[in-house]
file upload.txt (compact mmCIF, C-alpha atoms and all ligand atoms)
# COMPACT_ATOMS: atom_id res chain seq x y z
CA MET N 1 54.72 -4.14 38.04
CA VAL N 2 53.91 -7.78 38.80
CA TRP N 3 50.71 -8.93 37.08
CA SER N 4 47.83 -9.62 39.48
CA ASN N 5 44.05 -9.87 39.23
CA THR N 6 42.79 -9.58 42.81
CA ARG N 7 40.37 -6.73 42.14
CA ASP N 8 39.10 -8.25 38.91
CA LYS N 9 38.35 -11.54 40.69
CA GLN N 10 36.46 -9.69 43.44
CA LEU N 11 34.45 -7.74 40.89
CA GLN N 12 33.68 -10.90 38.93
CA GLU N 13 32.35 -12.48 42.13
CA ARG N 14 30.11 -9.47 42.76
CA ALA N 15 29.03 -9.49 39.12
CA HIS N 16 27.96 -13.12 39.39
CA GLN N 17 25.41 -12.08 42.05
CA VAL N 18 23.71 -9.41 39.96
CA ILE N 19 24.59 -9.99 36.30
CA PRO N 20 23.54 -13.22 34.56
CA ASN N 21 26.62 -15.44 34.26
CA GLY N 22 28.62 -12.52 35.61
CA MET N 23 28.71 -11.24 32.03
CA TYR N 24 27.06 -12.10 28.74
CA GLY N 25 27.84 -12.13 25.06
CA HIS N 26 31.15 -11.92 23.29
CA GLU N 27 32.74 -9.63 25.85
CA SER N 28 32.37 -12.21 28.58
CA VAL N 29 35.77 -13.68 29.36
CA ALA N 30 34.21 -17.07 30.09
CA MET N 31 35.63 -18.42 26.84
CA MET N 32 38.98 -16.70 27.14
CA PRO N 33 41.96 -18.41 28.82
CA ASP N 34 41.86 -18.46 32.63
CA ASP N 35 42.71 -15.20 34.40
CA PHE N 36 41.79 -12.91 31.52
CA PRO N 37 40.53 -9.68 33.08
CA GLN N 38 36.84 -8.93 32.68
CA PHE N 39 36.86 -5.31 33.82
CA PHE N 40 38.90 -2.38 32.56
CA ALA N 41 39.74 0.98 34.05
CA LYS N 42 41.18 2.96 31.16
CA ALA N 43 42.11 2.92 27.48
CA GLU N 44 44.35 5.27 25.53
CA GLY N 45 46.01 4.92 22.15
CA THR N 46 47.07 1.31 21.75
CA ARG N 47 46.82 0.55 25.48
CA LEU N 48 44.24 -0.87 27.82
CA TRP N 49 44.49 -1.01 31.62
CA ASP N 50 42.50 -3.50 33.65
CA ILE N 51 41.10 -2.64 37.06
CA ASP N 52 44.16 -4.10 38.77
CA GLY N 53 46.34 -1.63 36.87
CA ASN N 54 47.88 -4.14 34.44
CA GLU N 55 48.68 -2.55 31.10
CA TYR N 56 48.14 -4.29 27.75
CA ILE N 57 48.79 -3.62 24.10
CA ASP N 58 45.27 -4.36 23.02
CA TYR N 59 44.78 -6.42 19.86
CA MET N 60 41.03 -6.78 20.38
CA CYS N 61 40.45 -3.03 20.02
CA ALA N 62 37.10 -3.34 21.88
CA TYR N 63 36.22 -6.10 19.37
CA GLY N 64 36.77 -3.65 16.56
CA PRO N 65 35.67 -0.10 17.39
CA ASN N 66 39.15 1.23 18.20
CA LEU N 67 40.37 2.11 14.70
CA MET N 68 42.39 5.30 15.22
CA GLY N 69 43.65 4.65 18.75
CA TYR N 70 41.61 4.85 21.94
CA ALA N 71 40.71 8.41 22.95
CA ARG N 72 42.10 9.80 19.71
CA PRO N 73 42.37 13.58 20.38
CA GLU N 74 40.55 14.72 17.21
CA VAL N 75 37.59 12.48 18.06
CA GLN N 76 37.68 13.37 21.77
CA SER N 77 37.47 17.11 21.00
CA ALA N 78 34.48 16.56 18.74
CA ILE N 79 32.80 14.56 21.53
CA VAL N 80 33.47 17.21 24.20
CA GLU N 81 32.31 20.06 21.97
CA GLN N 82 29.07 18.32 21.03
CA LEU N 83 28.43 17.18 24.59
CA ALA N 84 28.44 20.80 25.72
CA ARG N 85 25.73 21.57 23.16
CA GLY N 86 23.53 18.48 23.62
CA ASP N 87 23.50 14.78 22.98
CA THR N 88 20.21 12.89 23.24
CA MET N 89 17.57 15.48 22.41
CA THR N 90 14.03 15.45 21.03
CA GLY N 91 15.50 15.13 17.57
CA PRO N 92 18.90 14.93 15.91
CA GLY N 93 21.31 17.81 15.47
CA PRO N 94 22.51 19.09 12.08
CA GLY N 95 25.43 16.67 12.33
CA MET N 96 23.12 13.87 11.21
CA VAL N 97 22.66 15.41 7.77
CA GLU N 98 26.35 16.23 7.50
CA LEU N 99 27.26 12.68 8.47
CA ALA N 100 24.81 11.22 5.95
CA GLU N 101 26.25 13.48 3.22
CA THR N 102 29.77 12.52 4.25
CA MET N 103 29.21 8.78 4.25
CA VAL N 104 27.21 8.84 1.03
CA SER N 105 30.11 10.67 -0.60
CA MET N 106 32.64 8.13 0.72
CA VAL N 107 30.87 4.87 -0.11
CA ARG N 108 30.47 4.22 -3.83
CA HIS N 109 27.08 2.48 -3.94
CA ALA N 110 25.42 4.70 -1.34
CA ASP N 111 22.72 7.28 -2.11
CA TRP N 112 21.27 7.42 1.38
CA ALA N 113 22.24 6.70 4.99
CA MET N 114 20.42 5.73 8.17
CA PHE N 115 22.03 5.64 11.60
CA CYS N 116 21.42 3.39 14.56
CA LYS N 117 23.50 2.09 17.48
CA ASN N 118 24.81 -1.44 17.10
CA GLY N 119 25.82 -3.52 14.12
CA GLY N 120 22.88 -5.79 14.85
CA ASP N 121 20.46 -2.86 14.44
CA ALA N 122 21.96 -2.19 11.03
CA THR N 123 21.81 -5.79 9.80
CA SER N 124 18.23 -6.20 11.04
CA ILE N 125 17.19 -3.01 9.23
CA ALA N 126 18.85 -4.36 6.08
CA MET N 127 16.99 -7.65 6.42
CA VAL N 128 13.63 -5.90 6.84
CA ALA N 129 14.49 -3.63 3.90
CA ALA N 130 15.14 -6.65 1.69
CA ARG N 131 11.69 -8.00 2.52
CA ALA N 132 10.03 -4.61 2.12
CA TYR N 133 11.68 -4.23 -1.31
CA ARG N 134 9.50 -6.68 -3.25
CA GLY N 135 7.43 -8.27 -0.49
CA LYS N 136 9.42 -11.50 -0.66
CA LYS N 137 10.46 -13.45 2.42
CA LYS N 138 13.59 -15.58 2.09
CA ILE N 139 16.97 -14.30 3.26
CA LEU N 140 20.10 -16.17 2.18
CA VAL N 141 22.88 -16.18 4.77
CA ALA N 142 26.30 -17.87 4.67
CA ARG N 143 26.49 -20.76 7.14
CA GLY N 144 28.33 -19.71 10.30
CA SER N 145 28.35 -15.98 9.48
CA TYR N 146 27.62 -13.70 12.40
CA HIS N 147 25.37 -10.72 11.75
CA GLY N 148 24.40 -9.86 15.35
CA SER N 149 22.56 -11.44 18.25
CA ALA N 150 18.96 -10.96 17.06
CA PRO N 151 16.92 -14.19 17.02
CA TRP N 152 17.34 -14.61 13.25
CA ASN N 153 21.10 -14.93 13.60
CA THR N 154 22.35 -15.43 17.16
CA PRO N 155 24.67 -18.46 17.44
CA GLY N 156 23.01 -19.56 20.72
CA MET N 157 19.69 -21.41 20.30
CA SER N 158 18.20 -20.95 23.78
CA GLY N 159 14.89 -19.10 23.48
CA ILE N 160 14.95 -19.21 19.71
CA VAL N 161 11.98 -20.82 17.98
CA PRO N 162 12.03 -22.29 14.47
CA GLU N 163 9.71 -19.51 13.28
CA ASP N 164 12.46 -16.97 14.04
CA ARG N 165 14.47 -18.55 11.24
CA ALA N 166 11.72 -19.99 9.10
CA HIS N 167 12.73 -17.84 6.15
CA ILE N 168 16.50 -17.95 6.53
CA ILE N 169 18.25 -20.27 4.09
CA TYR N 170 21.93 -21.10 4.49
CA PHE N 171 24.67 -21.53 1.90
CA ASP N 172 28.46 -21.94 1.99
CA TYR N 173 30.60 -18.84 1.69
CA ASN N 174 32.65 -18.44 -1.51
CA ASP N 175 30.64 -21.27 -3.11
CA LEU N 176 28.37 -20.14 -5.94
CA ASP N 177 26.88 -23.61 -6.45
CA SER N 178 25.82 -23.71 -2.85
CA LEU N 179 24.32 -20.21 -3.11
CA THR N 180 22.49 -21.12 -6.33
CA LYS N 181 21.06 -24.24 -4.67
CA ALA N 182 19.87 -22.16 -1.71
CA ALA N 183 18.24 -19.70 -4.11
CA LYS N 184 16.53 -22.54 -6.00
CA PHE N 185 15.24 -23.92 -2.74
CA ALA N 186 13.70 -20.51 -2.02
CA GLY N 187 11.92 -20.56 -5.38
CA ASP N 188 10.77 -17.12 -6.42
CA ASP N 189 10.76 -15.84 -2.85
CA VAL N 190 14.35 -14.56 -2.37
CA ALA N 191 14.26 -11.14 -0.71
CA GLY N 192 17.97 -10.68 -0.06
CA VAL N 193 21.42 -12.21 0.19
CA PHE N 194 23.80 -11.38 3.04
CA ALA N 195 27.52 -11.29 2.37
CA THR N 196 30.47 -10.63 4.63
CA PRO N 197 33.63 -8.89 3.38
CA PHE N 198 35.62 -12.09 3.83
CA LYS N 199 35.02 -15.33 5.72
CA HIS N 200 35.65 -14.20 9.26
CA GLU N 201 34.18 -16.76 11.59
CA THR N 202 35.46 -17.36 15.11
CA PHE N 203 37.47 -20.53 15.82
CA SER N 204 38.45 -20.93 12.16
CA ASP N 205 40.91 -19.85 9.53
CA GLN N 206 39.74 -16.79 7.67
CA SER N 207 39.55 -16.68 3.88
CA HIS N 208 39.40 -13.83 1.41
CA VAL N 209 36.41 -13.31 -0.81
CA ASP N 210 36.77 -14.71 -4.30
CA ALA N 211 36.11 -11.99 -6.89
CA ASP N 212 34.25 -14.37 -9.24
CA TYR N 213 32.08 -15.46 -6.34
CA ALA N 214 31.29 -11.85 -5.43
CA ARG N 215 30.39 -11.07 -9.05
CA GLY N 216 28.25 -14.22 -9.12
CA VAL N 217 26.37 -13.12 -5.98
CA ARG N 218 25.70 -9.74 -7.60
CA LYS N 219 24.46 -11.38 -10.81
CA LEU N 220 22.19 -13.77 -8.95
CA CYS N 221 20.66 -10.95 -6.90
CA ASP N 222 20.00 -8.99 -10.09
CA GLU N 223 18.39 -11.99 -11.78
CA LEU N 224 16.19 -12.63 -8.74
CA ASP N 225 15.47 -8.93 -8.15
CA ALA N 226 16.70 -9.41 -4.59
CA LEU N 227 18.88 -7.06 -2.53
CA LEU N 228 22.56 -7.76 -2.01
CA ILE N 229 23.61 -6.76 1.50
CA VAL N 230 27.26 -6.55 2.52
CA ASP N 231 27.72 -6.74 6.28
CA ASP N 232 30.73 -4.49 6.82
CA VAL N 233 30.10 -4.15 10.56
CA ARG N 234 33.30 -5.93 11.55
CA ALA N 235 35.67 -5.03 8.73
CA GLY N 236 34.33 -1.71 7.42
CA PHE N 237 36.95 1.06 7.05
CA ARG N 238 39.71 -1.32 8.20
CA LEU N 239 40.29 -2.74 4.75
CA THR N 240 39.34 0.18 2.55
CA ARG N 241 37.77 3.62 2.74
CA GLY N 242 34.43 2.49 1.32
CA CYS N 243 32.40 -0.72 1.22
CA THR N 244 34.79 -3.68 1.37
CA TRP N 245 33.38 -5.34 -1.76
CA GLU N 246 34.56 -2.31 -3.72
CA THR N 247 37.94 -4.04 -3.49
CA VAL N 248 36.57 -6.77 -5.78
CA ASP N 249 34.64 -4.21 -7.79
CA VAL N 250 31.19 -5.37 -6.69
CA ASP N 251 28.63 -2.93 -5.32
CA PRO N 252 25.90 -4.09 -2.96
CA ASP N 253 22.47 -2.49 -2.68
CA ILE N 254 22.93 -2.02 1.06
CA ALA N 255 26.00 -2.13 3.29
CA CYS N 256 25.92 -2.20 7.08
CA PHE N 257 28.61 -0.47 9.12
CA GLY N 258 29.17 -0.22 12.86
CA LYS N 259 32.01 -0.65 15.31
CA VAL N 260 34.65 1.76 13.99
CA ILE N 261 32.58 4.57 12.55
CA GLY N 262 32.61 6.65 15.75
CA ASN N 263 35.99 5.23 16.83
CA GLY N 264 34.27 3.76 19.90
CA GLN N 265 31.18 5.94 20.22
CA PRO N 266 27.92 4.00 19.83
CA ILE N 267 26.82 4.45 16.25
CA SER N 268 26.17 2.18 13.29
CA ALA N 269 24.95 2.89 9.79
CA VAL N 270 22.98 1.44 6.91
CA LEU N 271 24.13 2.81 3.56
CA GLY N 272 21.99 2.04 0.56
CA ALA N 273 21.46 2.65 -3.12
CA ASN N 274 18.42 4.44 -4.54
CA LYS N 275 17.11 1.06 -5.65
CA ALA N 276 16.37 0.24 -1.98
CA ARG N 277 15.21 3.72 -0.95
CA LYS N 278 11.44 3.20 -1.36
CA ALA N 279 11.65 -0.01 0.65
CA VAL N 280 13.31 1.65 3.64
CA GLU N 281 10.99 4.64 3.34
CA SER N 282 8.05 2.29 3.81
CA MET N 283 9.41 0.83 7.07
CA PHE N 284 9.09 2.01 10.65
CA VAL N 285 12.40 1.62 12.46
CA THR N 286 13.78 3.68 15.30
CA GLY N 287 15.48 3.71 18.69
CA SER N 288 15.58 6.17 21.58
CA PHE N 289 19.31 6.78 21.18
CA TRP N 290 19.72 6.46 17.43
CA PHE N 291 19.72 10.23 16.90
CA SER N 292 22.09 11.23 19.71
CA ALA N 293 24.40 13.96 18.50
CA VAL N 294 27.64 13.02 20.28
CA PRO N 295 28.24 9.73 18.44
CA MET N 296 27.47 11.50 15.17
CA ALA N 297 30.06 14.17 15.97
CA ALA N 298 32.53 11.40 16.78
CA ALA N 299 31.71 9.69 13.48
CA LEU N 300 32.26 12.92 11.54
CA ALA N 301 35.67 13.31 13.18
CA THR N 302 36.53 9.65 12.54
CA MET N 303 35.46 9.84 8.90
CA LYS N 304 37.66 12.95 8.50
CA LEU N 305 40.61 10.91 9.78
CA VAL N 306 39.64 8.09 7.41
CA ARG N 307 39.71 10.51 4.46
CA GLU N 308 42.67 12.64 5.42
CA THR N 309 45.23 10.40 7.09
CA ASP N 310 47.41 7.54 5.96
CA TYR N 311 45.82 5.25 8.52
CA LEU N 312 45.21 2.36 6.11
CA LYS N 313 48.89 2.24 5.20
CA GLN N 314 49.81 2.20 8.88
CA LEU N 315 47.38 -0.68 9.56
CA VAL N 316 48.91 -2.72 6.75
CA THR N 317 52.51 -1.89 7.75
CA ILE N 318 51.97 -2.86 11.37
CA GLY N 319 49.81 -5.88 10.56
CA THR N 320 52.40 -7.19 8.12
CA LEU N 321 55.26 -6.63 10.55
CA LEU N 322 53.36 -8.45 13.30
CA ARG N 323 52.52 -11.35 10.98
CA THR N 324 56.03 -11.91 9.65
CA SER N 325 57.61 -11.47 13.08
CA LEU N 326 55.24 -13.92 14.76
CA ASP N 327 55.80 -16.50 12.03
CA ALA N 328 59.54 -16.26 12.57
CA GLN N 329 59.17 -16.35 16.34
CA ALA N 330 56.89 -19.38 16.29
CA SER N 331 59.31 -21.42 14.20
CA GLN N 332 62.23 -20.28 16.36
CA TYR N 333 60.47 -22.01 19.28
CA GLY N 334 59.43 -25.04 17.25
CA PHE N 335 55.76 -24.18 16.68
CA SER N 336 53.78 -23.67 13.53
CA ILE N 337 50.98 -21.11 13.47
CA ARG N 338 48.41 -20.21 10.84
CA GLN N 339 47.84 -16.50 10.40
CA THR N 340 44.85 -15.89 8.16
CA GLY N 341 42.60 -13.05 7.07
CA PRO N 342 43.73 -9.56 6.15
CA VAL N 343 46.81 -8.39 8.11
CA GLN N 344 44.68 -5.58 9.60
CA MET N 345 42.45 -8.25 11.21
CA PRO N 346 44.75 -11.11 12.20
CA GLN N 347 43.48 -14.53 13.16
CA ILE N 348 46.19 -16.67 14.79
CA LEU N 349 45.68 -20.41 15.29
CA PHE N 350 48.22 -23.10 16.14
CA ASP N 351 48.84 -26.10 13.91
CA ASP N 352 48.64 -29.52 15.59
CA ASP N 353 46.45 -28.08 18.33
CA PRO N 354 43.10 -29.87 18.00
CA ASP N 355 42.12 -29.26 21.62
CA TRP N 356 43.46 -25.68 21.69
CA ARG N 357 45.94 -26.32 24.51
CA PHE N 358 48.74 -24.38 22.77
CA GLY N 359 46.64 -21.44 21.63
CA TYR N 360 44.97 -20.89 24.97
CA ARG N 361 48.15 -21.18 27.01
CA TRP N 362 50.06 -18.93 24.61
CA CYS N 363 47.42 -16.19 24.85
CA GLN N 364 47.20 -16.51 28.61
CA LEU N 365 50.95 -16.03 28.99
CA ALA N 366 51.16 -13.24 26.42
CA MET N 367 48.39 -11.45 28.32
CA LYS N 368 50.31 -11.72 31.58
CA HIS N 369 53.31 -10.22 29.78
CA GLY N 370 51.28 -7.31 28.43
CA ALA N 371 49.85 -8.34 25.03
CA TYR N 372 46.09 -8.86 24.91
CA LEU N 373 45.38 -11.43 22.16
CA SER N 374 42.53 -13.82 21.46
CA PRO N 375 42.99 -17.56 20.93
CA TYR N 376 39.86 -17.92 18.76
CA HIS N 377 38.52 -14.59 17.51
CA ASN N 378 40.04 -12.45 14.79
CA MET N 379 41.92 -9.49 16.20
CA PHE N 380 42.27 -5.90 15.07
CA ILE N 381 45.16 -3.58 14.34
CA ASN N 382 44.61 0.13 15.07
CA ALA N 383 46.27 3.12 13.47
CA ALA N 384 48.00 4.24 16.68
CA MET N 385 50.15 1.09 16.72
CA THR N 386 53.83 1.55 16.01
CA GLU N 387 56.84 -0.66 15.38
CA ALA N 388 57.73 -0.15 19.05
CA ASP N 389 54.37 -1.68 20.02
CA VAL N 390 55.09 -4.69 17.84
CA ALA N 391 58.54 -5.05 19.42
CA LYS N 392 56.97 -4.98 22.89
CA THR N 393 54.33 -7.46 21.78
CA LEU N 394 57.04 -9.80 20.57
CA GLU N 395 58.68 -9.70 24.00
CA ALA N 396 55.37 -10.89 25.48
CA THR N 397 54.74 -13.54 22.82
CA GLY N 398 58.39 -14.67 23.01
CA ALA N 399 58.01 -15.30 26.72
CA ALA N 400 54.80 -17.19 25.98
CA PHE N 401 56.45 -19.34 23.28
CA ALA N 402 59.38 -20.11 25.59
CA ASP N 403 57.03 -21.37 28.29
CA LEU N 404 55.02 -23.34 25.76
CA GLN N 405 58.18 -24.97 24.46
CA ALA N 406 59.31 -25.90 27.97
CA ASN N 407 55.91 -27.38 28.90
CA ARG N 408 54.86 -28.72 25.53
CA THR N 409 54.38 -32.31 26.62
CA THR N 410 52.56 -31.67 29.90
CA LEU N 411 49.85 -29.19 28.90
CA GLU N 412 46.24 -30.17 29.51
CA PRO N 413 43.61 -30.03 26.73
CA GLN N 414 41.54 -26.87 26.75
CA ALA N 415 38.30 -27.50 28.65
CA LYS N 416 36.56 -24.28 27.63
CA LEU N 417 35.62 -25.58 24.21
CA GLY N 418 33.11 -27.87 25.91
CA VAL N 419 31.55 -24.81 27.59
CA LEU N 420 31.10 -23.14 24.22
CA LYS N 421 29.63 -26.24 22.59
CA ARG N 422 27.12 -26.56 25.45
CA LEU N 423 26.19 -22.89 25.18
CA LEU N 424 25.63 -23.06 21.45
CA ALA N 425 23.70 -26.32 21.70
CA SER N 426 21.42 -25.08 24.50
C1 LIG K 501 29.96 -9.11 10.86
C2 LIG K 501 29.19 -8.60 12.03
N1 LIG K 501 27.93 -8.20 11.85
C3 LIG K 501 27.18 -7.74 12.87
C4 LIG K 501 27.69 -7.67 14.14
C5 LIG K 501 26.84 -7.18 15.26
O1 LIG K 501 27.33 -5.97 15.73
P1 LIG K 501 26.94 -5.47 17.19
O2 LIG K 501 27.62 -6.37 18.16
O3 LIG K 501 27.45 -4.07 17.25
O4 LIG K 501 25.46 -5.55 17.28
C6 LIG K 501 29.01 -8.06 14.38
C7 LIG K 501 29.57 -8.01 15.72
O5 LIG K 501 30.61 -8.51 16.02
C8 LIG K 501 29.77 -8.55 13.29
O6 LIG K 501 31.03 -8.97 13.49
call {"tool": "encode", "arguments": {"input": "upload.txt", "output": "structure tokens"}}
result
Amino acid sequence: MVWSNTRDKQLQERAHQVIPNGMYGHESVAMMPDDFPQFFAKAEGTRLWDIDGNEYIDYMCAYGPNLMGYARPEVQSAIVEQLARGDTMTGPGPGMVELAETMVSMVRHADWAMFCKNGGDATSIAMVAARAYRGKKKILVARGSYHGSAPWNTPGMSGIVPEDRAHIIYFDYNDLDSLTKAAKFAGDDVAGVFATPFKHETFSDQSHVDADYARGVRKLCDELDALLIVDDVRAGFRLTRGCTWETVDVDPDIACFGKVIGNGQPISAVLGANKARKAVESMFVTGSFWFSAVPMAAALATMKLVRETDYLKQLVTIGTLLRTSLDAQASQYGFSIRQTGPVQMPQILFDDDPDWRFGYRWCQLAMKHGAYLSPYHNMFINAAMTEADVAKTLEATGAAFADLQANRTTLEPQAKLGVLKRLLAS
């Protein structure tokens, strides 16, 4: 089938009439290379079909939620069975207790669980919990870390007033001196420290957490009697079967999960230690859909797969194969790429590409050949991916590299970066 985007373009035009900017947030394709489809018709396993019928091997995995393969049968059956019994009701079903018991048993530091919808719900609950814990105000957050689009953390500044962030103090990730300075600045008013599993900002190389740093964060929180919060929304259950900082042997007081836990169904979780229980018990937090039974059934089925399958090994095998193959392919065509972050969450940036002309063009061409990749955001491997998918991906990326090589000297700088800078500055 020849790639085309006639229907997507028409739908984008209609969307522009009735949806602000035609789309908002990170799933807007405004920042993606030209022609990226905005609207999708179907997803199954490793594949995604846009509304023009083009098929892609999808490395964005819905920006994370697809962990076990889209429409994974075990999860689908749980959804269908629960849907027949009830979803959004006047209260939760028994699955809520089972899910809480399950997640508490899987995550080392956790004694209790709360469920909500989006990752941003979970991180905001954690922030409020840190303040409720000892009545202190300051929250320490790594510069550039994304914890959701609530006013205290959204990267865009339009509509945000200084008071929204009056008690947020920033430090540099993996830098204990910087964190200590931020804590000193807060005096005796530190309520909590936010950590991410690794440094996973958009537009930049990713870096792993330093174990000494993680231990230092824990020690500082203990000295200050502040809560340590690990935001596992993006990486949770892709790197390990518990909280990601377990891999460096550091336990937080609260960890936030989202994205994958229902393999695509809308559910997120806050998992905490007894130390933080009284604080959360004193808070009023809720949402009309937080107790819906279908996403909880999906999460139970997903967590069963997490416990009982070899999915982590598959993610690492496929992620490693993709990384080594792309490195070899890039140098074969005379390009040098930087692949950073865990192999399960690849970030691919081109060397010698300050205005992103190579990265954007490469992704655009790979997309048109059937591999959906991002030029600036970390990507995600899912457990349904096979060596055959990687081989097919390499056909797409090979075609993209060949074109890039042929047109290397005539490519235009990437104009979309200006759009982003304006958006973030507004
Ligand atoms: C680390 C992290 N925290 C929080 C969030 C917010 O999650 P959501 O978009 O589900 O609100 C995200 C979303 O990408 C994230 O990557």
call {"tool": "residues_around", "arguments": {"input": "upload.txt", "residues": "segment 20-34 of chain N", "least_positions_apart": "2", "cutoff": "8 Å", "atoms": "only C-alpha atoms", "output": "NGL selection string"}}
result
:N and (12-18 or 36-38 or 360-361 or 363-364 or 374-375 or 416-417 or 419-420)
call {"tool": "residues_near_ligand", "arguments": {"input": "upload.txt", "ligand": "ligand LIG 501 (chain K)", "cutoff": "10 Å", "atoms": "only C-alpha atoms and all ligand atoms", "output": "number ranges by chain"}}
result
N: 25-27, 63-65, 116-124, 145-150, 153-154, 195-202, 230-236, 256-260, 266-268, 378
call {"tool": "residues_around", "arguments": {"input": "upload.txt", "residues": "segment 387-389 of chain N", "least_positions_apart": "6", "cutoff": "9 Å", "atoms": "only C-alpha atoms", "output": "MDAnalysis selection string"}}
result
chainID N and resid 46 57 317:318 321:322
call {"tool": "closest_atom_pairs", "arguments": {"input": "upload.txt", "of": "segment 120-160 of chain N", "to": "segment 174-185 of chain N", "cutoff": "12 Å", "atoms": "all atoms listed in the file", "output": "tab-separated table"}}
result
residue	atom	partner	partner_atom	distance
N:Lys137	CA	N:Ala183	CA	11.9
N:Lys138	CA	N:Ala183	CA	8.8
N:Ile139	CA	N:Ala183	CA	9.2
N:Leu140	CA	N:Ala182	CA	7.1
N:Val141	CA	N:Leu179	CA	9.0
N:Ala142	CA	N:Leu179	CA	8.4
N:Arg143	CA	N:Ser178	CA	10.4
call {"tool": "write_last_selection", "arguments": {"input": "upload.txt", "atoms": "C-alpha atoms", "output": "tab-separated table (two decimals), in the coordinates of the input"}}
result
chain	number	residue	atom	x	y	z
N	137	LYS	CA	10.46	-13.45	2.42
N	138	LYS	CA	13.59	-15.58	2.09
N	139	ILE	CA	16.97	-14.30	3.26
N	140	LEU	CA	20.10	-16.17	2.18
N	141	VAL	CA	22.88	-16.18	4.77
N	142	ALA	CA	26.30	-17.87	4.67
N	143	ARG	CA	26.49	-20.76	7.14
call {"tool": "atom_distance", "arguments": {"input": "upload.txt", "atom1": "atom CA of Gly370 of chain N", "atom2": "atom CA of Val343 of chain N"}}
result
20.8 Å
call {"tool": "closest_residue", "arguments": {"input": "upload.txt", "among": "N:Pro346, N:Pro295, N:Gly398, N:Gly91", "to": "Tyr376 of chain N", "atoms": "all atoms listed in the file"}}
result
N:Pro346
call {"tool": "build_atoms", "arguments": {"input": "upload.txt", "residues": "segment 9-20 of chain N", "atoms": "N, CA, C and O atoms", "output": "PDB file, keeping the file's coordinate frame"}}
result
ATOM      1  N   LYS N   9      39.024 -10.333  40.151  1.00  0.00           N
ATOM      2  CA  LYS N   9      38.350 -11.540  40.690  1.00  0.00           C
ATOM      3  C   LYS N   9      37.216 -11.131  41.623  1.00  0.00           C
ATOM      4  O   LYS N   9      36.126 -11.709  41.574  1.00  0.00           O
ATOM      5  N   GLN N  10      37.511 -10.132  42.497  1.00  0.00           N
ATOM      6  CA  GLN N  10      36.460  -9.690  43.440  1.00  0.00           C
ATOM      7  C   GLN N  10      35.257  -9.143  42.671  1.00  0.00           C
ATOM      8  O   GLN N  10      34.103  -9.446  42.986  1.00  0.00           O
ATOM      9  N   LEU N  11      35.552  -8.335  41.656  1.00  0.00           N
ATOM     10  CA  LEU N  11      34.450  -7.740  40.890  1.00  0.00           C
ATOM     11  C   LEU N  11      33.678  -8.816  40.124  1.00  0.00           C
ATOM     12  O   LEU N  11      32.447  -8.748  40.012  1.00  0.00           O
ATOM     13  N   GLN N  12      34.384  -9.805  39.629  1.00  0.00           N
ATOM     14  CA  GLN N  12      33.680 -10.900  38.930  1.00  0.00           C
ATOM     15  C   GLN N  12      32.766 -11.632  39.901  1.00  0.00           C
ATOM     16  O   GLN N  12      31.652 -12.023  39.551  1.00  0.00           O
ATOM     17  N   GLU N  13      33.213 -11.813  41.139  1.00  0.00           N
ATOM     18  CA  GLU N  13      32.350 -12.480  42.130  1.00  0.00           C
ATOM     19  C   GLU N  13      31.094 -11.656  42.379  1.00  0.00           C
ATOM     20  O   GLU N  13      29.986 -12.171  42.412  1.00  0.00           O
ATOM     21  N   ARG N  14      31.284 -10.337  42.550  1.00  0.00           N
ATOM     22  CA  ARG N  14      30.110  -9.470  42.760  1.00  0.00           C
ATOM     23  C   ARG N  14      29.208  -9.515  41.531  1.00  0.00           C
ATOM     24  O   ARG N  14      27.985  -9.575  41.635  1.00  0.00           O
ATOM     25  N   ALA N  15      29.819  -9.487  40.363  1.00  0.00           N
ATOM     26  CA  ALA N  15      29.030  -9.490  39.120  1.00  0.00           C
ATOM     27  C   ALA N  15      28.167 -10.748  39.037  1.00  0.00           C
ATOM     28  O   ALA N  15      27.007 -10.689  38.609  1.00  0.00           O
ATOM     29  N   HIS N  16      28.717 -11.865  39.470  1.00  0.00           N
ATOM     30  CA  HIS N  16      27.960 -13.120  39.390  1.00  0.00           C
ATOM     31  C   HIS N  16      26.670 -13.061  40.219  1.00  0.00           C
ATOM     32  O   HIS N  16      25.713 -13.776  39.922  1.00  0.00           O
ATOM     33  N   GLN N  17      26.632 -12.204  41.237  1.00  0.00           N
ATOM     34  CA  GLN N  17      25.410 -12.080  42.050  1.00  0.00           C
ATOM     35  C   GLN N  17      24.325 -11.308  41.296  1.00  0.00           C
ATOM     36  O   GLN N  17      23.152 -11.571  41.470  1.00  0.00           O
ATOM     37  N   VAL N  18      24.705 -10.349  40.498  1.00  0.00           N
ATOM     38  CA  VAL N  18      23.710  -9.410  39.960  1.00  0.00           C
ATOM     39  C   VAL N  18      23.665  -9.326  38.431  1.00  0.00           C
ATOM     40  O   VAL N  18      22.827  -8.614  37.879  1.00  0.00           O
ATOM     41  N   ILE N  19      24.579 -10.010  37.770  1.00  0.00           N
ATOM     42  CA  ILE N  19      24.590  -9.990  36.300  1.00  0.00           C
ATOM     43  C   ILE N  19      24.566 -11.447  35.837  1.00  0.00           C
ATOM     44  O   ILE N  19      25.396 -12.241  36.293  1.00  0.00           O
ATOM     45  N   PRO N  20      23.610 -11.819  34.981  1.00  0.00           N
ATOM     46  CA  PRO N  20      23.540 -13.220  34.560  1.00  0.00           C
ATOM     47  C   PRO N  20      24.886 -13.730  34.028  1.00  0.00           C
ATOM     48  O   PRO N  20      25.509 -13.076  33.178  1.00  0.00           O
TER      49      PRO N  20
END
